[in-house]
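Each remark here refers to the structure printed beneath this line.
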Amino acid sequence: MPGSARTMAVCTVCGLVAATAYTVALGGNGWVWFLWVVLALLTVGVLTARRI
């Protein structure tokens, strides 16, 4: 996995941890999860593009 794709994957995992912590501490927020899903889809797209 190239460096930029690895960095994006790490940011996605950290974003998941942050979104989960936010939800546990302050309650659910649809925008937080929406932004995380967008980040996850972008990461999947980058990883897929790097493998082609």
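Each chain in the structure tokens gets a letter, A, B, ..., in the order shown, and its residues are numbered from 1; ligands are numbered from 1 in order too.
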
Neighbours of Leu35 of chain A within 10 Å (only C-alpha atoms; same-chain residues fewer than 5 positions away dropped), as a tab-separated table (two decimals) with C-alpha atoms, in the first residue's frame?
chain	number	residue	atom	x	y	z
A	15	GLY	CA	-12.10	9.20	12.26
A	19	ALA	CA	-16.97	9.54	15.69
A	30	GLY	CA	-25.97	12.35	11.83
A	40	ALA	CA	-14.51	5.90	4.17
A	41	LEU	CA	-15.84	5.88	0.59

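Relative to atom CA of Ala21 of chain A, atom CA of Thr7 of chain A is found at 20.9 Å.
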
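Taking atom CA of Val44 of chain A and atom CA of Asn29 of chain A as the two end points, the separation is 23.2 Å.
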
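What separates atom CA of Arg51 of chain A from atom CA of Cys11 of chain A is a distance of 19.3 Å.
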
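Proximity of A:Ser4, A:Trp36, A:Leu42, A:Trp31 to Ala18 of chain A, computed with only C-alpha atoms, is greatest for A:Trp36.
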
Subject >> Residues near Arg50 of chain A, cut-off 12 Å, only C-alpha atoms, skip fewer than 6 positions along chain, as a ChimeraX atom specification >> reply: /A:1-6,43-44
